[in-house]
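Have a look at model-v5.txt below; it lists compact mmCIF, C-alpha atoms.
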```
# COMPACT_ATOMS: atom_id res chain seq x y z
CA MET J 1 15.68 8.51 25.62
CA THR J 2 15.32 5.84 22.96
CA LEU J 3 11.85 5.27 21.55
CA THR J 4 10.58 3.23 18.65
CA ILE J 5 8.48 5.67 16.65
CA ASN J 6 6.55 4.17 13.73
CA GLY J 7 8.90 1.22 13.67
CA GLU J 8 12.08 3.28 13.70
CA GLU J 9 14.35 3.53 16.74
CA ARG J 10 15.02 7.15 17.61
CA THR J 11 16.85 8.95 20.38
CA ILE J 12 14.76 11.91 21.34
CA GLY J 13 14.09 14.15 24.36
CA GLY J 14 15.01 13.17 27.91
CA GLU J 15 13.70 11.60 31.08
CA GLY J 16 10.22 12.75 32.07
CA MET J 17 9.17 13.61 28.53
CA SER J 18 5.40 13.49 28.16
CA ALA J 19 3.40 12.49 25.11
CA ALA J 20 2.55 16.17 24.66
CA ASP J 21 6.26 17.06 24.75
CA LEU J 22 6.94 14.47 22.09
CA ALA J 23 4.18 15.80 19.82
CA ALA J 24 5.54 19.33 20.26
CA HIS J 25 9.08 18.14 19.65
CA LEU J 26 8.01 16.55 16.37
CA GLY J 27 6.02 19.68 15.47
CA LEU J 28 2.86 17.62 15.09
CA GLU J 29 0.39 18.96 17.64
CA GLY J 30 -3.14 19.26 16.46
CA ARG J 31 -3.30 16.77 13.64
CA ILE J 32 -2.20 13.39 14.93
CA ALA J 33 -3.35 10.41 16.94
CA MET J 34 -0.75 8.76 19.16
CA GLU J 35 -0.54 5.20 20.42
CA ARG J 36 1.81 4.19 23.23
CA ASN J 37 2.68 0.51 23.60
CA GLY J 38 -0.47 -0.55 21.80
CA MET J 39 -2.87 1.82 23.58
CA ILE J 40 -4.30 4.89 21.87
CA LEU J 41 -3.93 8.04 24.00
CA LYS J 42 -6.80 10.46 24.39
CA ARG J 43 -5.76 14.00 23.75
CA ASP J 44 -6.40 15.12 27.33
CA GLU J 45 -4.03 12.39 28.54
CA TRP J 46 -1.02 13.64 26.60
CA GLU J 47 0.18 16.10 29.27
CA ASN J 48 0.33 13.52 32.04
CA GLU J 49 1.42 10.54 30.00
CA THR J 50 5.12 10.19 30.84
CA LEU J 51 7.05 8.21 28.28
CA GLU J 52 9.66 5.65 29.25
CA GLN J 53 12.85 4.36 27.70
CA GLY J 54 12.09 1.72 25.08
CA ASP J 55 8.43 2.67 24.54
CA THR J 56 6.87 1.86 21.21
CA ILE J 57 5.04 4.85 19.82
CA GLU J 58 2.81 4.88 16.76
CA ILE J 59 1.84 8.24 15.36
CA VAL J 60 -0.61 8.74 12.55
CA GLN J 61 -0.97 12.10 10.97
CA PHE J 62 -4.31 13.15 9.55
CA VAL J 63 -4.23 14.60 6.07
CA GLY J 64 -6.96 16.30 4.12
CA GLY J 65 -6.31 15.51 0.45
CA GLY J 66 -8.81 13.77 -1.68
CA MET P 67 -28.15 -10.00 -12.68
CA GLU P 68 -25.64 -11.57 -15.13
CA ARG P 69 -23.81 -8.28 -15.07
CA TYR P 70 -23.16 -8.71 -11.32
CA SER P 71 -22.54 -12.48 -11.43
CA ARG P 72 -18.91 -12.34 -10.27
CA GLN P 73 -19.82 -10.08 -7.37
CA ILE P 74 -22.74 -12.33 -6.39
CA ARG P 75 -20.46 -15.36 -6.50
CA PHE P 76 -18.21 -13.70 -3.90
CA SER P 77 -19.08 -15.32 -0.56
CA GLY P 78 -19.22 -12.02 1.32
CA ILE P 79 -21.95 -10.57 -0.91
CA GLN P 80 -24.04 -13.29 -2.61
CA LYS P 81 -27.52 -12.71 -3.99
CA SER P 82 -28.95 -11.21 -0.83
CA GLY P 83 -26.08 -8.70 -0.54
CA GLN P 84 -26.44 -7.70 -4.19
CA GLU P 85 -30.15 -7.04 -3.64
CA THR P 86 -29.47 -4.63 -0.80
CA ILE P 87 -26.66 -2.94 -2.77
CA GLN P 88 -29.15 -2.29 -5.57
CA LYS P 89 -31.51 -0.58 -3.15
CA ALA P 90 -28.79 1.56 -1.57
CA ASP P 91 -28.68 5.33 -1.65
CA VAL P 92 -25.06 6.55 -1.73
CA LEU P 93 -23.81 10.11 -1.25
CA ILE P 94 -20.29 10.87 -2.47
CA ILE P 95 -18.90 14.22 -1.38
CA GLY P 96 -16.11 15.41 -3.61
CA ALA P 97 -15.53 14.39 -7.22
CA GLY P 98 -11.75 14.62 -7.30
CA ALA P 99 -9.46 11.61 -7.26
CA LEU P 100 -11.07 9.66 -4.41
CA GLY P 101 -14.58 10.65 -5.46
CA SER P 102 -14.03 9.56 -9.07
CA ALA P 103 -12.63 6.22 -8.00
CA ALA P 104 -15.33 5.45 -5.41
CA ALA P 105 -18.11 6.57 -7.74
CA GLU P 106 -16.91 4.32 -10.55
CA THR P 107 -16.57 1.31 -8.26
CA LEU P 108 -19.99 1.74 -6.65
CA VAL P 109 -21.77 2.50 -9.91
CA ARG P 110 -20.21 -0.59 -11.49
CA ALA P 111 -21.24 -2.56 -8.38
CA GLY P 112 -24.85 -1.58 -9.09
CA ALA P 113 -25.75 0.73 -6.21
CA GLY P 114 -29.38 1.87 -6.42
CA SER P 115 -28.58 5.56 -6.52
CA VAL P 116 -25.37 7.54 -6.40
CA THR P 117 -25.29 11.29 -5.81
CA ILE P 118 -21.95 13.00 -6.31
CA VAL P 119 -21.36 16.58 -5.16
CA ASP P 120 -18.47 18.91 -6.03
CA ARG P 121 -17.85 22.67 -6.23
CA ASP P 122 -14.89 22.60 -8.62
CA TYR P 123 -14.32 22.21 -12.36
CA VAL P 124 -12.00 19.90 -14.31
CA GLU P 125 -8.46 21.15 -14.98
CA SER P 126 -5.62 19.48 -16.87
CA SER P 127 -3.68 18.87 -13.63
CA ASN P 128 -6.54 16.58 -12.51
CA LEU P 129 -6.22 14.12 -15.39
CA GLN P 130 -3.23 12.19 -14.02
CA ARG P 131 -5.37 10.65 -11.26
CA GLN P 132 -9.05 11.64 -11.53
CA GLN P 133 -10.21 8.68 -13.57
CA LEU P 134 -13.62 9.86 -14.76
CA TYR P 135 -12.36 12.89 -16.72
CA THR P 136 -11.03 13.48 -20.21
CA GLU P 137 -8.91 16.11 -21.95
CA LYS P 138 -12.09 17.56 -23.37
CA ASP P 139 -13.59 18.01 -19.89
CA ALA P 140 -10.47 19.94 -18.89
CA ALA P 141 -10.38 22.04 -22.06
CA ASP P 142 -14.03 22.95 -21.59
CA GLY P 143 -13.67 23.50 -17.84
CA VAL P 144 -16.71 21.29 -17.16
CA PRO P 145 -17.82 21.14 -13.50
CA LYS P 146 -16.57 17.87 -12.05
CA ALA P 147 -19.96 16.75 -10.76
CA ALA P 148 -21.50 17.24 -14.22
CA ALA P 149 -18.69 15.46 -16.09
CA ALA P 150 -18.71 12.65 -13.53
CA ALA P 151 -22.47 12.12 -13.74
CA LEU P 152 -22.34 11.90 -17.53
CA ARG P 153 -19.57 9.33 -17.51
CA LEU P 154 -21.15 7.29 -14.68
CA LYS P 155 -24.44 7.03 -16.58
CA GLU P 156 -22.53 5.65 -19.57
CA ILE P 157 -20.90 3.06 -17.31
CA ASN P 158 -24.14 1.82 -15.76
CA SER P 159 -27.47 3.16 -16.97
CA SER P 160 -29.42 1.20 -14.35
CA VAL P 161 -28.02 3.33 -11.52
CA GLU P 162 -29.81 6.55 -10.68
CA VAL P 163 -26.88 8.99 -10.91
CA THR P 164 -27.11 12.62 -9.83
CA GLY P 165 -24.31 15.17 -10.13
CA LEU P 166 -24.63 18.32 -8.05
CA VAL P 167 -22.38 21.32 -8.65
CA GLU P 168 -22.46 22.95 -5.25
CA GLU P 169 -20.69 23.47 -1.94
CA ILE P 170 -21.47 21.54 1.22
CA THR P 171 -22.53 24.00 3.93
CA PRO P 172 -24.55 23.88 7.17
CA ALA P 173 -27.55 24.55 4.92
CA SER P 174 -27.07 21.29 2.97
CA GLU P 175 -29.35 19.33 5.32
CA SER P 176 -31.69 17.93 2.65
CA LEU P 177 -28.74 16.43 0.81
CA PHE P 178 -27.96 14.12 3.73
CA GLN P 179 -31.36 12.91 4.92
CA GLY P 180 -32.15 9.32 4.05
CA ARG P 181 -28.74 8.30 2.69
CA ASP P 182 -27.40 4.83 3.47
CA VAL P 183 -23.73 5.77 3.41
CA ILE P 184 -21.61 8.87 2.90
CA ILE P 185 -18.29 8.57 1.05
CA ASP P 186 -15.86 11.30 2.10
CA ALA P 187 -13.77 12.33 -0.89
CA LEU P 188 -13.08 15.89 0.20
CA ASP P 189 -9.90 17.91 0.15
CA ASN P 190 -10.34 19.84 3.41
CA PHE P 191 -11.20 19.27 7.08
CA GLU P 192 -13.63 22.11 7.56
CA THR P 193 -16.18 20.52 5.24
CA ARG P 194 -15.41 17.08 6.69
CA LEU P 195 -16.59 18.34 10.07
CA VAL P 196 -19.85 19.43 8.40
CA ILE P 197 -20.25 15.91 6.99
CA ASN P 198 -19.41 14.52 10.42
CA ASP P 199 -22.12 16.56 12.12
CA PHE P 200 -24.79 15.75 9.54
CA ALA P 201 -23.82 12.06 9.72
CA CYS P 202 -24.11 12.13 13.53
CA ARG P 203 -27.39 14.03 13.42
CA PHE P 204 -29.04 11.67 10.92
CA ASN P 205 -27.18 8.55 12.12
CA ILE P 206 -25.60 7.79 8.74
CA PRO P 207 -22.40 5.73 8.49
CA TRP P 208 -19.60 7.58 6.76
CA ILE P 209 -16.18 6.60 5.55
CA TYR P 210 -13.33 9.05 6.02
CA ALA P 211 -10.49 8.75 3.54
CA ALA P 212 -7.67 11.04 2.52
CA VAL P 213 -4.59 10.76 0.37
CA VAL P 214 -1.48 12.87 -0.20
CA SER P 215 1.88 12.09 -1.77
CA SER P 216 2.16 8.26 -1.71
CA TYR P 217 0.21 7.69 1.53
CA GLY P 218 -3.33 7.81 2.71
CA MET P 219 -5.72 6.71 5.41
CA SER P 220 -9.25 5.57 6.05
CA PHE P 221 -11.54 5.17 9.02
CA THR P 222 -15.13 3.98 9.07
CA ILE P 223 -17.37 6.04 11.34
CA LEU P 224 -20.60 4.63 12.73
CA PRO P 225 -22.23 7.42 14.77
CA GLY P 226 -22.90 6.27 18.32
CA GLU P 227 -20.70 3.18 17.98
CA THR P 228 -17.24 4.34 16.91
CA PRO P 229 -15.49 7.62 17.69
CA CYS P 230 -16.55 10.32 15.24
CA LEU P 231 -14.12 12.61 13.42
CA ARG P 232 -14.47 15.26 16.12
CA CYS P 233 -13.59 12.73 18.84
CA LEU P 234 -10.38 12.03 16.93
CA LEU P 235 -9.68 15.65 16.00
CA PRO P 236 -10.92 18.10 18.63
CA VAL P 237 -9.25 21.00 16.84
CA LEU P 238 -9.21 21.78 13.16
CA PRO P 239 -5.87 20.56 11.79
CA GLN P 240 -3.71 23.22 10.23
CA GLY P 241 -0.68 22.93 8.07
CA GLY P 242 0.23 19.44 6.96
CA GLU P 243 0.69 18.37 3.40
CA THR P 244 -1.97 18.64 0.71
CA CYS P 245 -2.07 17.37 -2.88
CA ASP P 246 -1.37 20.92 -4.01
CA THR P 247 1.80 21.25 -1.91
CA ALA P 248 3.18 17.70 -1.71
CA GLY P 249 1.70 16.17 -4.86
CA VAL P 250 0.01 12.78 -5.11
CA ILE P 251 0.39 9.67 -7.24
CA ALA P 252 -2.55 7.80 -8.73
CA PRO P 253 -1.75 4.39 -7.18
CA ALA P 254 -1.95 5.94 -3.71
CA VAL P 255 -5.44 7.12 -4.58
CA GLN P 256 -6.38 3.67 -5.87
CA MET P 257 -5.04 2.02 -2.71
CA VAL P 258 -7.03 4.23 -0.36
CA SER P 259 -10.09 4.14 -2.56
CA ALA P 260 -9.98 0.34 -2.62
CA VAL P 261 -10.20 0.31 1.18
CA GLN P 262 -12.94 2.93 1.24
CA SER P 263 -15.06 1.26 -1.45
CA THR P 264 -14.69 -2.13 0.23
CA GLU P 265 -16.00 -0.65 3.47
CA ALA P 266 -18.94 0.80 1.52
CA LEU P 267 -19.70 -2.59 -0.06
CA LYS P 268 -19.65 -4.21 3.39
CA LEU P 269 -22.09 -1.64 4.72
CA LEU P 270 -24.39 -1.77 1.72
CA SER P 271 -24.48 -5.57 1.56
CA GLY P 272 -25.39 -5.85 5.25
CA ASN P 273 -21.99 -7.00 6.50
CA ASN P 274 -21.47 -4.50 9.32
CA GLU P 275 -19.68 -7.12 11.41
CA ALA P 276 -16.96 -7.24 8.73
CA LEU P 277 -16.24 -3.50 8.90
CA ARG P 278 -12.72 -2.39 9.73
CA LYS P 279 -12.53 -1.25 13.34
CA THR P 280 -9.12 0.40 13.20
CA PHE P 281 -7.74 3.60 11.77
CA LEU P 282 -5.66 2.49 8.80
CA HIS P 283 -2.66 4.37 7.42
CA MET P 284 -0.82 3.09 4.34
CA ASP P 285 2.09 4.23 2.19
CA ILE P 286 2.25 2.50 -1.18
CA TRP P 287 5.67 3.86 -2.17
CA HIS P 288 7.42 2.83 1.03
CA GLY P 289 5.28 -0.28 1.48
CA THR P 290 4.32 0.48 5.06
CA GLN P 291 1.03 0.12 6.89
CA GLN P 292 -0.12 1.06 10.39
CA GLU P 293 -3.36 0.12 12.04
CA ILE P 294 -4.40 1.86 15.22
CA GLY P 295 -7.32 0.90 17.43
CA VAL P 296 -8.92 4.23 18.28
CA GLY P 297 -12.07 2.91 19.98
CA ARG P 298 -11.29 4.43 23.37
CA MET P 299 -11.04 7.92 21.83
CA ARG P 300 -14.84 8.05 21.62
CA ARG P 301 -15.95 10.91 23.85
CA LEU P 302 -19.29 10.60 25.58
CA ASP P 303 -19.33 14.40 25.91
CA CYS P 304 -18.43 14.91 22.24
CA PRO P 305 -20.36 17.90 20.88
CA SER P 306 -21.03 15.96 17.65
CA CYS P 307 -21.73 12.34 18.67
CA GLY P 308 -22.05 12.56 22.49
CA SER P 309 -25.15 12.40 24.66
CA THR P 310 -26.04 16.09 24.29
CA PRO P 311 -24.89 17.00 20.80
CA GLU P 312 -24.63 20.60 19.60
CA TYR P 313 -23.31 19.89 16.09
CA PRO P 314 -20.84 22.79 16.15
CA ALA P 315 -19.98 22.54 12.44
CA LEU P 316 -23.61 23.16 11.52
CA LYS P 317 -23.62 26.56 13.22
CA HIS P 318 -23.19 29.33 10.75
CA GLU P 319 -20.37 31.09 12.58
CA SER P 320 -18.12 28.02 12.36
CA VAL P 321 -17.84 28.35 8.59
CA THR P 322 -15.00 30.06 6.76
CA LYS P 323 -16.54 33.21 5.33
CA THR P 324 -15.92 34.73 1.96
CA ALA P 325 -16.75 38.16 0.64
CA VAL P 326 -16.15 39.73 -2.74
CA LEU P 327 -14.32 43.02 -2.32
CA CYS P 328 -16.24 45.53 -4.32
CA GLY P 329 -14.55 46.83 -7.46
CA ARG P 330 -11.22 45.18 -6.67
CA ASP P 331 -11.55 41.84 -8.40
CA THR P 332 -10.62 40.30 -5.05
CA VAL P 333 -12.24 37.87 -2.67
CA GLN P 334 -11.60 38.02 1.04
CA VAL P 335 -11.58 34.73 2.93
CA ARG P 336 -11.85 34.70 6.72
CA PRO P 337 -10.96 31.47 8.58
CA ALA P 338 -13.42 29.72 10.88
CA GLY P 339 -11.07 29.55 13.87
CA GLN P 340 -7.66 30.52 15.12
CA VAL P 341 -4.74 29.89 12.84
CA VAL P 342 -0.98 29.75 13.37
CA PHE P 343 0.61 32.20 10.94
CA ASN P 344 4.06 30.59 11.00
CA GLU P 345 2.58 27.22 10.06
CA ILE P 346 0.92 28.79 7.05
CA LEU P 347 4.18 30.49 6.12
CA GLU P 348 6.09 27.22 6.37
CA ARG P 349 3.52 25.34 4.37
CA LEU P 350 3.69 27.90 1.58
CA SER P 351 7.49 27.86 1.50
CA PRO P 352 7.63 25.95 -1.85
CA PHE P 353 5.96 28.99 -3.41
CA ALA P 354 8.50 31.51 -2.09
CA PRO P 355 6.23 33.75 -0.04
CA LYS P 356 7.41 37.21 1.00
CA ALA P 357 6.52 37.92 4.60
CA ASN P 358 6.70 40.83 7.01
CA ASN P 359 5.37 41.24 10.54
CA HIS P 360 1.82 41.69 9.38
CA LEU P 361 1.27 39.53 6.36
CA LEU P 362 2.68 37.35 3.65
CA GLN P 363 2.36 37.67 -0.09
CA VAL P 364 2.53 34.73 -2.44
CA THR P 365 1.47 33.79 -5.95
CA LEU P 366 -0.71 30.67 -6.11
CA GLU P 367 -2.03 29.34 -9.41
CA GLY P 368 -1.21 32.67 -11.01
CA LYS P 369 -3.14 34.69 -8.45
CA LYS P 370 -1.61 37.12 -6.01
CA VAL P 371 -2.61 36.12 -2.50
CA VAL P 372 -2.11 38.07 0.70
CA VAL P 373 -2.50 36.32 4.06
CA PHE P 374 -2.71 38.35 7.26
CA ARG P 375 -1.50 37.14 10.66
CA ASP P 376 -5.04 36.29 11.73
CA GLY P 377 -5.41 33.98 8.74
CA ARG P 378 -7.59 36.36 6.76
CA ALA P 379 -6.64 36.26 3.09
CA LEU P 380 -7.21 38.35 0.03
CA ILE P 381 -7.29 36.40 -3.21
CA HIS P 382 -6.70 38.80 -6.10
CA GLU P 383 -7.60 38.55 -9.78
CA THR P 384 -10.86 36.77 -9.06
CA SER P 385 -14.35 37.64 -7.96
CA ASP P 386 -15.42 34.00 -7.78
CA LYS P 387 -16.03 33.18 -4.10
CA VAL P 388 -16.11 29.43 -4.65
CA GLN P 389 -12.81 29.45 -6.52
CA ALA P 390 -11.21 31.68 -3.87
CA LEU P 391 -12.42 29.47 -1.02
CA SER P 392 -11.13 26.38 -2.80
CA LEU P 393 -7.71 27.98 -3.24
CA TYR P 394 -7.69 29.04 0.41
CA GLN P 395 -8.57 25.57 1.71
CA ARG P 396 -6.14 23.79 -0.55
CA TYR P 397 -3.10 25.95 0.21
CA ILE P 398 -3.60 28.03 3.31
CA VAL P 399 -5.91 26.50 5.93
CA SER P 400 -7.39 23.08 5.22
```

Represent the structure from my file as structure tokens, please.
Amino acid sequence: MTLTINGEERTIGGEGMSAADLAAHLGLEGRIAMERNGMILKRDEWENETLEQGDTIEIVQFVGGG
Amino acid sequence: MERYSRQIRFSGIQKSGQETIQKADVLIIGAGALGSAAAETLVRAGAGSVTIVDRDYVESSNLQRQQLYTEKDAADGVPKAAAAALRLKEINSSVEVTGLVEEITPASESLFQGRDVIIDALDNFETRLVINDFACRFNIPWIYAAVVSSYGMSFTILPGETPCLRCLLPVLPQGGETCDTAGVIAPAVQMVSAVQSTEALKLLSGNNEALRKTFLHMDIWHGTQQEIGVGRMRRLDCPSCGSTPEYPALKHESVTKTAVLCGRDTVQVRPAGQVVFNEILERLSPFAPKANNHLLQVTLEGKKVVVFRDGRALIHETSDKVQALSLYQRYIVS
């Protein structure tokens, strides 16, 4: 399906893909926060949050440097 | 007050804000790039007292972005907290400046009590969770910031009001880029530090209503910025900031453990939690690690390092636990 991820349109995964699937697909589990269509997702919602064609996803990755 | 006249003229601060800034007690944890920048800004702003804590010493690779240090500090290998304190006192002798050369651990309780704000200028998440738990326990606002490459982020944490770091990050992040693997440019540090120091000035001048409520991510090279409202990630059952806190990072067993291996000039470092070996391997790929089913071997900063599948590492050619732990957290598990 086509998603807008951090402002960039990308074709990724297929129908029924969850937020958790997307994080796994991007190899980013464990160190990100994810927002779907303007709403931040709690981590325990990722499994059941089914993404839809055209969704706008914002992902921020935590880093440790200082 | 002439010295602060331009700051007092600024409508957000004024005379009353300057007075509270000059009574403020600031704790800065980490005296690397972010710590140097925040310390200089807040000392110039006239904070009442500034305590800066760091476990490391100055090296020549720090000078490109760590603004308080000189070539002489690097040549002499001066501890960062000591070099920083000296320079900060030259900048503003009216501020009570303290430099502490030590590690933050669950035993660092007395360091936190009574502070007005904590500036996070660390290079690893494990210690950040210790800050988070002390901040929650003593109800001290703290400002998370981090920078790598050309990007960075900041989030202002008010215990009991905003999500805390553990609400946002229920598991310790592994892998990801660090300044040692992906590099960092000084303007990225300045950008993130500007946000962090501004948040501190708001807090210290009594402007809590002006605090940023979103998680901010910025990239100065690509000119991009994201702001994410994370308010609903606050967990009422959070073990750090929830209704029945346990402060997991303050329990001794949650800390990465080090041990000097007798007679081998080697320090063993054992991670606090589970690690993913393949992530470590991938992260170290710029350093050409050799791996087999049981372990990987790699040379980091001239030292031979062996990492086992369970994340346990042997750092050779040193018997300095602090140095070995620093190497481990910067390259292997942050």

For the contact check between chain J and chain P, emit one row per residue of chain J within 10 Å, containing the shortest atom pair and the distance in Å rounded to one decimal, counting only C-alpha atoms, chain then rising number order, as a tab-separated table.
```
residue	atom	partner	partner_atom	distance
J:Asn6	CA	P:Gln292	CA	8.1
J:Gly7	CA	P:Gln292	CA	9.6
J:Gly27	CA	P:Glu345	CA	9.9
J:Leu28	CA	P:Gly242	CA	8.7
J:Glu29	CA	P:Pro239	CA	8.7
J:Gly30	CA	P:Pro239	CA	5.6
J:Arg31	CA	P:Pro239	CA	4.9
J:Ile32	CA	P:Leu235	CA	7.9
J:Ala33	CA	P:Leu234	CA	7.2
J:Met34	CA	P:Ile294	CA	8.7
J:Glu35	CA	P:Ile294	CA	7.3
J:Gly38	CA	P:Ile294	CA	8.0
J:Met39	CA	P:Gly295	CA	7.6
J:Ile40	CA	P:Val296	CA	5.9
J:Leu41	CA	P:Met299	CA	7.4
J:Lys42	CA	P:Met299	CA	5.6
J:Arg43	CA	P:Met299	CA	8.3
J:Glu58	CA	P:Ile294	CA	8.0
J:Ile59	CA	P:Ile294	CA	8.9
J:Val60	CA	P:His283	CA	7.0
J:Gln61	CA	P:Gly242	CA	8.4
J:Phe62	CA	P:Met219	CA	7.8
J:Val63	CA	P:Ala212	CA	6.1
J:Gly64	CA	P:Asn190	CA	4.9
J:Gly65	CA	P:Asp189	CA	4.3
J:Gly66	CA	P:Asp189	CA	4.7
```

If we count all atoms listed in the file, what is near stretch 330-338 of chain P at a cut-off of 8 Å, once residues fewer than 4 positions away on the same chain are taken out, given as a ChimeraX atom specification? /P:319-326,377-387,390-391,394,399

I'd like the neighbourhood of stretch 12-20 of chain J as a list in words, where a residue qualifies if any of its atoms comes within 7 Å (using only C-alpha atoms), though same-chain residues fewer than 3 positions away should be ignored.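 Selected residues are Met1, Thr2, Ala23, Ala24, Trp46, Glu47, Asn48, Glu49, Thr50 and Leu51 of chain J.
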
Of the residues P:Ile398, P:Leu366, P:Val342, P:Val183, which is the one nearest to P:Trp208, using all atoms listed in the file?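 Distance minimum relative to P:Trp208 lands on P:Val183.
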
What lies within 6 Å of P:Arg131 using only C-alpha atoms, ignoring chain neighbours under 2 positions off, as a list in words?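 Final neighbour list, sorted by chain and number: Ala99, Leu129, Gln133 and Ala252 of chain P.
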
Separation of atom CA of P:Ile184 from atom CA of P:Ala266 in Å: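 Atom-to-atom, atom CA of P:Ala266 and atom CA of P:Ile184 are spaced 8.6 Å apart.
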
Excluding P:Phe200 and any residue of its chain fewer than 6 positions from it, enumerate the residues within 12 Å of it, using all atoms listed in the file, and give them as a PyMOL selection string. chain P and resi 170-181+183-184+193-194+206-208+225+230-231+306-307+311-317

Output C-alpha atoms of each residue in that selection to a file, as a PDB file, in the frame of the given file.
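The resulting file, selection36.pdb, is shown below:
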```pdb
ATOM      1  CA  ILE P 170     -21.470  21.540   1.220  1.00  0.00           C
ATOM      2  CA  THR P 171     -22.530  24.000   3.930  1.00  0.00           C
ATOM      3  CA  PRO P 172     -24.550  23.880   7.170  1.00  0.00           C
ATOM      4  CA  ALA P 173     -27.550  24.550   4.920  1.00  0.00           C
ATOM      5  CA  SER P 174     -27.070  21.290   2.970  1.00  0.00           C
ATOM      6  CA  GLU P 175     -29.350  19.330   5.320  1.00  0.00           C
ATOM      7  CA  SER P 176     -31.690  17.930   2.650  1.00  0.00           C
ATOM      8  CA  LEU P 177     -28.740  16.430   0.810  1.00  0.00           C
ATOM      9  CA  PHE P 178     -27.960  14.120   3.730  1.00  0.00           C
ATOM     10  CA  GLN P 179     -31.360  12.910   4.920  1.00  0.00           C
ATOM     11  CA  GLY P 180     -32.150   9.320   4.050  1.00  0.00           C
ATOM     12  CA  ARG P 181     -28.740   8.300   2.690  1.00  0.00           C
ATOM     13  CA  VAL P 183     -23.730   5.770   3.410  1.00  0.00           C
ATOM     14  CA  ILE P 184     -21.610   8.870   2.900  1.00  0.00           C
ATOM     15  CA  THR P 193     -16.180  20.520   5.240  1.00  0.00           C
ATOM     16  CA  ARG P 194     -15.410  17.080   6.690  1.00  0.00           C
ATOM     17  CA  ILE P 206     -25.600   7.790   8.740  1.00  0.00           C
ATOM     18  CA  PRO P 207     -22.400   5.730   8.490  1.00  0.00           C
ATOM     19  CA  TRP P 208     -19.600   7.580   6.760  1.00  0.00           C
ATOM     20  CA  PRO P 225     -22.230   7.420  14.770  1.00  0.00           C
ATOM     21  CA  CYS P 230     -16.550  10.320  15.240  1.00  0.00           C
ATOM     22  CA  LEU P 231     -14.120  12.610  13.420  1.00  0.00           C
ATOM     23  CA  SER P 306     -21.030  15.960  17.650  1.00  0.00           C
ATOM     24  CA  CYS P 307     -21.730  12.340  18.670  1.00  0.00           C
ATOM     25  CA  PRO P 311     -24.890  17.000  20.800  1.00  0.00           C
ATOM     26  CA  GLU P 312     -24.630  20.600  19.600  1.00  0.00           C
ATOM     27  CA  TYR P 313     -23.310  19.890  16.090  1.00  0.00           C
ATOM     28  CA  PRO P 314     -20.840  22.790  16.150  1.00  0.00           C
ATOM     29  CA  ALA P 315     -19.980  22.540  12.440  1.00  0.00           C
ATOM     30  CA  LEU P 316     -23.610  23.160  11.520  1.00  0.00           C
ATOM     31  CA  LYS P 317     -23.620  26.560  13.220  1.00  0.00           C
TER      32      LYS P 317
END
```

Interatomic distance (Å, one decimal) between atom CA of P:Asn273 and atom CA of P:Thr107: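 Spanning atom CA of P:Asn273 to atom CA of P:Thr107 is a straight-line distance of 17.8 Å.
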
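Interatomic distance, atom CA of P:Arg75 to atom CA of P:Leu267: 14.3 Å.
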
Working from the structure I just supplied, which lacks atoms in stretch 188-198 of chain P, can you model N, CA and C atoms there and output them as a short mmCIF file (atom, residue, chain, number, x, y, z; two decimals), keeping the file's coordinate frame?
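Generated file (rebuild_21.cif):
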```cif
data_model
loop_
_atom_site.label_atom_id
_atom_site.label_comp_id
_atom_site.auth_asym_id
_atom_site.auth_seq_id
_atom_site.Cartn_x
_atom_site.Cartn_y
_atom_site.Cartn_z
N LEU P 188 -13.32 14.45 0.15
CA LEU P 188 -13.08 15.89 0.20
C LEU P 188 -11.59 16.20 0.23
N ASP P 189 -11.29 17.48 0.09
CA ASP P 189 -9.90 17.91 0.15
C ASP P 189 -9.65 18.84 1.33
N ASN P 190 -10.58 18.94 2.26
CA ASN P 190 -10.34 19.84 3.41
C ASN P 190 -11.10 19.36 4.64
N PHE P 191 -10.61 19.75 5.82
CA PHE P 191 -11.20 19.27 7.08
C PHE P 191 -12.44 20.05 7.50
N GLU P 192 -12.48 21.31 7.13
CA GLU P 192 -13.63 22.11 7.56
C GLU P 192 -14.94 21.49 7.06
N THR P 193 -14.96 21.12 5.78
CA THR P 193 -16.18 20.52 5.24
C THR P 193 -16.38 19.11 5.79
N ARG P 194 -15.27 18.41 6.08
CA ARG P 194 -15.41 17.08 6.69
C ARG P 194 -16.15 17.16 8.02
N LEU P 195 -15.90 18.22 8.79
CA LEU P 195 -16.59 18.34 10.07
C LEU P 195 -18.08 18.62 9.86
N VAL P 196 -18.43 19.25 8.73
CA VAL P 196 -19.85 19.43 8.40
C VAL P 196 -20.47 18.07 8.08
N ILE P 197 -19.77 17.28 7.27
CA ILE P 197 -20.25 15.91 6.99
C ILE P 197 -20.42 15.15 8.29
N ASN P 198 -19.40 15.25 9.15
CA ASN P 198 -19.41 14.52 10.42
C ASN P 198 -20.67 14.86 11.23
#
```
